[in-house]
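Pasted below: start_31.cif, mmCIF, C-alpha atoms and all ligand atoms.
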data_input
loop_
_atom_site.label_atom_id
_atom_site.label_comp_id
_atom_site.auth_asym_id
_atom_site.auth_seq_id
_atom_site.Cartn_x
_atom_site.Cartn_y
_atom_site.Cartn_z
CA MET A 1 164.80 123.48 214.34
CA PRO A 2 165.50 119.97 215.58
CA GLY A 3 167.43 119.58 218.86
CA ARG A 4 171.19 119.50 218.64
CA PHE A 5 171.46 116.05 220.14
CA ILE A 6 173.28 113.11 218.66
CA ASP A 7 173.88 109.37 219.09
CA LEU A 8 177.19 108.12 217.72
CA HIS A 9 176.84 104.40 218.51
CA THR A 10 173.98 102.42 216.96
CA HIS A 11 173.33 98.99 215.43
CA THR A 12 170.94 97.59 212.83
CA LEU A 13 169.97 94.26 211.31
CA ALA A 14 173.19 94.47 209.28
CA SER A 15 174.78 93.14 212.50
CA ASP A 16 173.01 92.41 215.76
CA GLY A 17 170.42 95.18 216.00
CA SER A 18 166.74 94.56 215.25
CA ASP A 19 165.87 97.59 213.06
CA THR A 20 166.54 97.93 209.38
CA PRO A 21 168.86 100.86 208.61
CA ALA A 22 165.89 102.86 207.27
CA GLU A 23 163.87 102.16 210.43
CA LEU A 24 166.78 103.27 212.59
CA VAL A 25 167.04 106.57 210.74
CA ARG A 26 163.29 107.14 210.94
CA LYS A 27 163.38 106.51 214.71
CA ALA A 28 166.35 108.88 215.07
CA ALA A 29 164.39 111.57 213.24
CA ASP A 30 161.33 110.87 215.44
CA ALA A 31 163.59 111.21 218.49
CA ARG A 32 164.59 114.60 217.09
CA LEU A 33 168.25 113.68 216.85
CA PHE A 34 170.36 115.77 214.56
CA ALA A 35 173.01 113.17 213.72
CA ILE A 36 173.73 109.51 214.37
CA ALA A 37 176.64 107.24 213.57
CA LEU A 38 175.82 103.76 212.32
CA THR A 39 178.40 101.48 213.90
CA ASP A 40 177.47 97.89 213.12
CA HIS A 41 179.83 95.11 214.18
CA ASP A 42 182.30 94.13 211.42
CA THR A 43 180.21 95.48 208.55
CA MET A 44 179.30 98.68 206.74
CA ASP A 45 176.51 96.94 204.83
CA GLY A 46 173.71 99.02 206.36
CA LEU A 47 175.20 102.38 205.44
CA GLY A 48 173.85 102.74 201.92
CA GLU A 49 170.24 102.29 203.05
CA ALA A 50 170.79 104.47 206.13
CA GLN A 51 172.26 107.32 204.14
CA LYS A 52 169.45 107.19 201.62
CA ALA A 53 166.92 107.41 204.44
CA ALA A 54 168.97 110.17 206.08
CA ALA A 55 168.62 112.35 203.01
CA GLN A 56 164.87 111.80 203.14
CA TYR A 57 164.56 112.70 206.83
CA GLY A 58 167.12 115.51 206.85
CA LEU A 59 169.35 113.75 209.33
CA VAL A 60 173.11 113.23 209.28
CA VAL A 61 174.37 109.64 209.26
CA ILE A 62 178.08 109.30 209.93
CA PRO A 63 179.45 106.11 208.46
CA GLY A 64 181.10 103.89 211.00
CA CYS A 65 181.67 100.38 212.28
CA GLU A 66 182.58 98.65 215.53
CA ILE A 67 185.33 96.07 215.79
CA ALA A 68 186.56 93.98 218.70
CA VAL A 69 190.21 93.75 219.67
CA ARG A 70 192.03 91.49 222.13
CA HIS A 71 192.35 92.50 225.74
CA GLY A 72 193.75 89.76 227.97
CA GLU A 73 191.30 86.86 227.82
CA GLY A 74 188.50 89.13 226.69
CA GLU A 75 187.92 91.96 224.26
CA LEU A 76 187.65 95.70 223.94
CA HIS A 77 185.63 97.45 221.25
CA LEU A 78 186.75 100.16 218.86
CA LEU A 79 184.49 102.50 216.94
CA GLY A 80 185.62 103.76 213.58
CA LEU A 81 183.83 107.00 212.64
CA TRP A 82 183.89 108.34 209.07
CA THR A 83 184.93 104.91 207.83
CA PRO A 84 185.36 105.05 204.06
CA GLN A 85 183.10 102.51 202.37
CA ASP A 86 185.48 102.12 199.45
CA SER A 87 188.71 101.36 201.29
CA PRO A 88 189.98 98.00 199.96
CA GLY A 89 192.06 97.40 203.11
CA LEU A 90 189.17 98.02 205.48
CA LYS A 91 186.68 96.03 203.39
CA LYS A 92 189.06 93.07 203.27
CA ALA A 93 189.76 93.16 207.01
CA LEU A 94 186.04 93.33 207.88
CA ALA A 95 185.34 90.43 205.52
CA GLN A 96 188.03 88.43 207.30
CA GLN A 97 186.45 89.18 210.68
CA ARG A 98 183.08 88.02 209.35
CA ARG A 99 184.60 84.77 208.08
CA ARG A 100 186.05 84.23 211.54
CA ARG A 101 182.57 84.84 212.95
CA THR A 102 181.19 82.13 210.67
CA GLU A 103 183.82 79.63 211.83
CA ARG A 104 183.10 80.49 215.42
CA ASN A 105 179.33 80.29 215.02
CA GLU A 106 179.68 76.79 213.57
CA ALA A 107 181.87 75.76 216.50
CA MET A 108 179.32 77.17 218.97
CA LEU A 109 176.47 75.25 217.36
CA GLY A 110 178.64 72.13 217.73
CA ALA A 111 179.18 72.89 221.41
CA LEU A 112 175.45 73.50 221.94
CA ASP A 113 174.66 70.25 220.15
CA ARG A 114 176.92 68.36 222.55
CA LEU A 115 174.92 69.88 225.39
CA GLY A 116 171.74 68.55 223.79
CA LEU A 117 170.63 71.89 222.32
CA CYS A 118 170.19 71.24 218.66
CA LEU A 119 170.12 74.24 216.31
CA ASP A 120 171.07 74.48 212.70
CA MET A 121 172.67 77.46 211.03
CA GLU A 122 169.53 78.11 208.95
CA GLU A 123 167.58 78.81 212.12
CA VAL A 124 170.25 81.23 213.35
CA LEU A 125 170.38 83.04 210.02
CA ARG A 126 166.64 83.61 210.20
CA PHE A 127 167.35 86.05 213.03
CA SER A 128 170.25 87.85 211.37
CA GLY A 129 170.84 90.16 208.46
CA LYS A 130 173.02 89.19 205.54
CA GLU A 131 176.49 89.84 206.78
CA SER A 132 177.59 89.95 210.37
CA VAL A 133 176.21 87.08 212.41
CA GLY A 134 176.96 86.64 216.09
CA ARG A 135 175.94 85.38 219.47
CA PRO A 136 172.84 87.57 219.77
CA HIS A 137 171.39 85.73 216.75
CA ILE A 138 172.24 82.35 218.26
CA ALA A 139 170.58 83.60 221.47
CA ARG A 140 167.39 84.51 219.60
CA ALA A 141 167.30 81.11 217.92
CA LEU A 142 167.70 79.44 221.34
CA VAL A 143 164.80 81.50 222.69
CA HIS A 144 162.68 80.70 219.63
CA ARG A 145 163.28 76.97 220.15
CA GLY A 146 162.31 77.32 223.80
CA TYR A 147 165.70 76.13 225.07
CA VAL A 148 165.89 79.33 227.15
CA GLY A 149 163.35 81.94 228.18
CA THR A 150 165.30 85.06 227.31
CA ILE A 151 168.36 86.28 225.40
CA ARG A 152 169.91 87.11 228.72
CA GLU A 153 169.45 83.55 229.93
CA ALA A 154 171.07 82.27 226.72
CA PHE A 155 174.19 84.33 227.48
CA GLU A 156 174.21 83.51 231.18
CA ARG A 157 173.78 79.78 230.77
CA TYR A 158 175.45 78.96 227.49
CA ILE A 159 177.06 81.50 225.21
CA GLY A 160 178.41 84.27 227.46
CA GLU A 161 182.16 84.49 227.80
CA GLY A 162 183.48 81.40 229.60
CA LYS A 163 180.07 79.62 229.60
CA SER A 164 179.60 76.01 228.47
CA ALA A 165 179.03 76.65 224.75
CA PHE A 166 181.22 79.73 224.41
CA VAL A 167 183.89 79.63 221.74
CA PRO A 168 186.22 82.62 221.36
CA ARG A 169 186.63 84.13 217.93
CA ARG A 170 189.87 85.27 216.44
CA ILE A 171 190.13 89.04 216.65
CA LEU A 172 192.79 91.66 215.97
CA THR A 173 195.24 93.08 218.49
CA PRO A 174 194.59 96.68 219.56
CA GLU A 175 197.57 97.81 217.48
CA GLU A 176 196.18 96.06 214.39
CA GLY A 177 192.61 97.25 214.93
CA ILE A 178 193.43 100.87 215.63
CA GLY A 179 195.99 100.87 212.81
CA LEU A 180 193.44 99.41 210.40
CA LEU A 181 190.80 102.06 211.11
CA ALA A 182 193.20 105.01 211.40
CA GLY A 183 195.08 103.84 208.30
CA ALA A 184 191.80 103.92 206.34
CA GLY A 185 191.30 107.55 207.44
CA ALA A 186 188.66 106.88 210.10
CA THR A 187 188.55 108.59 213.49
CA VAL A 188 189.14 105.88 216.09
CA ALA A 189 187.40 105.77 219.47
CA LEU A 190 187.65 103.29 222.31
CA ALA A 191 184.04 102.22 222.98
CA HIS A 192 182.45 101.65 226.42
CA PRO A 193 185.86 101.15 228.08
CA PHE A 194 184.43 99.99 231.39
CA LEU A 195 182.66 97.02 229.80
CA GLY A 196 186.12 95.45 229.41
CA LYS A 197 186.50 92.61 231.91
CA GLY A 198 188.08 93.83 235.16
CA MET A 199 188.80 97.29 233.74
CA THR A 200 190.01 99.77 236.35
CA ILE A 201 190.79 103.47 236.00
CA ASP A 202 194.52 102.74 236.33
CA ALA A 203 194.43 99.98 233.73
CA LEU A 204 192.50 102.22 231.36
CA ASP A 205 194.96 105.03 231.96
CA ARG A 206 197.83 102.78 230.87
CA LEU A 207 195.91 101.42 227.88
CA LEU A 208 195.03 104.88 226.60
CA GLY A 209 198.69 105.91 226.73
CA GLU A 210 199.50 102.86 224.61
CA PHE A 211 196.53 103.12 222.21
CA LYS A 212 197.25 106.77 221.50
CA HIS A 213 200.53 105.72 219.91
CA TYR A 214 198.62 103.46 217.52
CA GLY A 215 196.31 106.29 216.43
CA LEU A 216 193.40 106.36 218.92
CA THR A 217 192.11 109.92 219.29
CA VAL A 218 188.69 109.58 220.96
CA LEU A 219 187.15 108.04 224.09
CA GLU A 220 183.49 107.06 224.34
CA ALA A 221 182.67 108.77 227.61
CA TYR A 222 178.88 108.65 227.31
CA HIS A 223 177.33 105.20 226.94
CA SER A 224 174.21 103.43 228.24
CA ALA A 225 176.32 101.22 230.48
CA HIS A 226 178.25 104.12 232.05
CA ASP A 227 177.10 105.46 235.41
CA ALA A 228 178.05 108.97 236.54
CA GLY A 229 181.32 107.68 238.02
CA ALA A 230 182.36 106.01 234.77
CA VAL A 231 181.55 109.17 232.80
CA ARG A 232 183.60 111.27 235.22
CA ALA A 233 186.54 108.87 234.99
CA CYS A 234 186.37 108.97 231.18
CA LEU A 235 186.28 112.77 231.12
CA ALA A 236 189.33 112.96 233.39
CA LEU A 237 191.28 110.36 231.41
CA ALA A 238 190.41 111.94 228.08
CA ALA A 239 191.63 115.31 229.33
CA ARG A 240 194.81 113.73 230.66
CA HIS A 241 195.58 112.00 227.35
CA GLY A 242 194.39 114.77 225.08
CA LEU A 243 191.57 112.65 223.63
CA LEU A 244 188.31 113.95 222.19
CA LEU A 245 184.98 112.63 223.46
CA THR A 246 182.17 110.70 221.86
CA GLY A 247 178.93 109.25 223.12
CA GLY A 248 176.21 106.90 222.04
CA SER A 249 173.44 104.69 223.32
CA ASP A 250 174.70 101.44 221.70
CA TYR A 251 171.10 101.03 220.60
CA HIS A 252 170.28 97.52 219.29
CA GLY A 253 166.46 97.85 219.09
CA THR A 254 164.62 94.92 220.66
CA ALA A 255 167.89 92.98 220.75
CA LYS A 256 168.91 95.08 223.79
CA PRO A 257 165.71 95.92 225.64
CA GLY A 258 165.72 99.05 227.78
CA VAL A 259 168.30 100.93 225.69
CA TYR A 260 166.77 103.83 223.77
CA LEU A 261 168.10 105.66 220.75
CA GLY A 262 169.66 108.97 221.83
CA ARG A 263 168.49 108.37 225.40
CA GLY A 264 170.44 105.35 226.62
CA LYS A 265 168.67 103.90 229.65
CA GLY A 266 166.50 107.00 229.83
CA GLY A 267 168.27 110.19 230.86
CA MET A 268 171.20 110.32 228.48
CA ARG A 269 171.53 113.32 226.14
CA ILE A 270 174.59 113.75 223.96
CA PRO A 271 175.19 117.32 222.82
CA GLY A 272 175.97 118.04 219.17
CA LEU A 273 178.99 119.99 220.36
CA LEU A 274 180.89 116.70 220.63
CA LEU A 275 180.33 116.09 216.96
CA ASP A 276 181.41 119.65 216.12
CA LYS A 277 184.71 119.03 217.92
CA LEU A 278 185.29 115.72 216.15
CA LYS A 279 184.63 117.39 212.80
CA GLU A 280 186.89 120.30 213.66
CA GLU A 281 189.72 117.88 214.40
CA ARG A 282 189.19 116.00 211.13
CA HIS A 283 189.10 119.28 209.29
CA LYS A 284 192.45 120.26 210.86
CA GLN A 285 193.91 116.94 209.76
CA GLY A 286 192.66 117.41 206.23
CA LEU A 287 190.31 114.42 206.51
CA TRP A 288 186.86 114.36 204.85
CA ILE A 289 183.72 115.01 206.87
P1 LIG B 301 179.61 88.49 219.30
O1 LIG B 301 180.01 89.76 218.61
O2 LIG B 301 179.02 87.49 218.39
O3 LIG B 301 180.71 87.93 220.16
O4 LIG B 301 178.45 88.89 220.31
C1 LIG B 301 178.66 89.95 221.20
C2 LIG B 301 177.43 90.82 221.25
O5 LIG B 301 176.46 90.15 222.03
C3 LIG B 301 177.67 92.15 221.94
O6 LIG B 301 178.03 93.14 221.04
C4 LIG B 301 176.32 92.45 222.54
O7 LIG B 301 175.51 93.10 221.59
C5 LIG B 301 175.72 91.08 222.80
N1 LIG B 301 175.84 90.61 224.19
C6 LIG B 301 176.96 90.32 224.86
N2 LIG B 301 176.68 89.87 226.11
C7 LIG B 301 175.33 89.91 226.23
C8 LIG B 301 174.41 89.58 227.26
N3 LIG B 301 174.83 89.12 228.45
N4 LIG B 301 173.10 89.74 227.00
C9 LIG B 301 172.68 90.19 225.81
N5 LIG B 301 173.49 90.53 224.80
C10 LIG B 301 174.80 90.39 224.99
FE FE B 302 176.14 94.21 219.53
FE FE B 303 180.48 97.16 221.75
ZN ZN B 304 178.03 98.54 219.91
#
As a first step, turn the structure in this file into structure tokens.
Ligand code: AMP
Ligand code: FE
Ligand code: FE
Ligand code: ZN
Amino acid sequence: MPGRFIDLHTHTLASDGSDTPAELVRKAADARLFAIALTDHDTMDGLGEAQKAAAQYGLVVIPGCEIAVRHGEGELHLLGLWTPQDSPGLKKALAQQRRRRTERNEAMLGALDRLGLCLDMEEVLRFSGKESVGRPHIARALVHRGYVGTIREAFERYIGEGKSAFVPRRILTPEEGIGLLAGAGATVALAHPFLGKGMTIDALDRLLGEFKHYGLTVLEAYHSAHDAGAVRACLALAARHGLLLTGGSDYHGTAKPGVYLGRGKGGMRIPGLLLDKLKEERHKQGLWI
């Protein structure tokens, strides 16, 4: 019997991860995970392949996606879990976000060009999948050209928030984003809350009170970037606001070195009980699982 451990936050080549969906599922099975959620940025394109592989490996793949919403000058991320792949509203909104990505990527290549770093879109697309292209792909193209030594350096010098070639992209408000996912029948979680710029426990407390009204029901307490203090704060806030818990590595393959599927930075283990509770809640609400 495989272990009852899960990973509800993963990425593939359909957005900015480095594994194909089938590779991701094979690795999850090798890691003896029982279930994963595929949560690519702004796309559900990898799900078909992942679910086919899941059937082969006897693993559960929960369909999902990750979208960014506005938070001050920066962004927060939402995870939709059990996102329906046939919702016209959701498909249209994700397509719009991807178009906005394209506009922004073109603007960033322009900004890089003005700094003397010449890249064309073809080169960037060589590092991406079909649909959801972003800064990690631009970073890989910059490394490939030798303009920077590492992806990290690309973000720190040029394309990180506020850096010389950074261009913001148009994203939804939290009310729109949560409403979009919840309206499509997905379970909505706030992802890695403490990655939000300048996020404090008090600020998060206020935000959760607000987001709950829009339809947020889950907090991602376990995440590779969370230390023990962040996990504790999430557990306390979730209890206070009556939110369920989720957890995931935010695995991106080689695109995020040092983050392991189901293991985070090494010691993370996410019990299947969390998934049981999420399913129980959906069952109560009459939503599909
Ligand atoms: P985008 O969605 O195009 O704005 O790119 C954001 C993505 O880039 C995030 O989801 C991360 O996967 C990745 N990212 C953000 N900051 C860094 C960084 N400093 N180093 C490496 N990857 C990063
Ligand atoms: Fe990412
Ligand atoms: Fe994220
Ligand atoms: Zn993610």
Sphere at (199.6, 104.7, 218.4), radius 10 Å, counting all atoms listed in the file: residues as a PyMOL selection string = chain A and resi 174-175+178-179+182+208-217
ask   = Which protein, DNA or RNA residues have an atom within 12 Å of ligand ZN 304 (chain B), counting all atoms listed in the file, as a PyMOL selection string?
value = chain A and resi 7-12+15-17+37-43+64-68+76-80+189-193+195+220+223-225+247-253+255-256+259
inquiry  = I need the residue nearest ligand LIG 301 (chain B) from this list: A:Val167, A:Leu243, A:Ile270, A:Ile151. Use all atoms listed in the file for the distance.
reply    =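 Closest to ligand LIG 301 (chain B), using all atoms listed in the file: A:Ile151.
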message = Counting only C-alpha atoms, which residues have an atom no more than 12 Å from (185.8, 80.9, 214.9) in the file's coordinates? Please list them as JSON, numbers by chain.
response = {"A": [96, 97, 98, 99, 100, 101, 102, 103, 104, 105, 106, 107, 108, 109, 110, 133, 134, 135, 166, 167, 168, 169, 170, 171]}
ask   = What's the 12 Å shell around region 278-280 of chain A, counting all atoms listed in the file, without same-chain residues fewer than 6 positions away, as a PyMOL selection string?
value = chain A and resi 8+62+81-82+186-189+217-219+243-247+272+286-289
ask   = Hey, what's within 10 Å of Cys118 (chain A) if we count all atoms listed in the file and toss same-chain stuff fewer than 5 positions away? As a list of chain:residue names, please?
value = A:Leu109, A:Gly110, A:Ala111, A:Leu112, A:Asp113, A:Leu142, A:Arg145, A:Tyr147
inquiry  = Measuring between all atoms listed in the file, which one of A:Glu122, A:Glu153, A:Asp276, A:Asp45 shows the shortest distance to Leu94 (chain A)?
reply    = A:Asp45
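The space between CA of Leu59 (chain A) and CA of Gly262 (chain A) spans 13.4 Å.
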message = Please compute the CA of Glu281 (chain A)-CA of Val61 (chain A) distance, one decimal, in Å.
response = 18.2 Å
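The space separating CA of Gly183 (chain A) from CA of Ser87 (chain A) comes to 9.8 Å.
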Output as JSON the centre and edge lengths (Å, one decimal) of the box along x, y and z of the file that holds every listed atom of region 92-102 of chain A after adding 3 Å on each side.
{"center_x": 185.5, "center_y": 87.7, "center_z": 208.1, "size_x": 14.6, "size_y": 17.2, "size_z": 15.7}
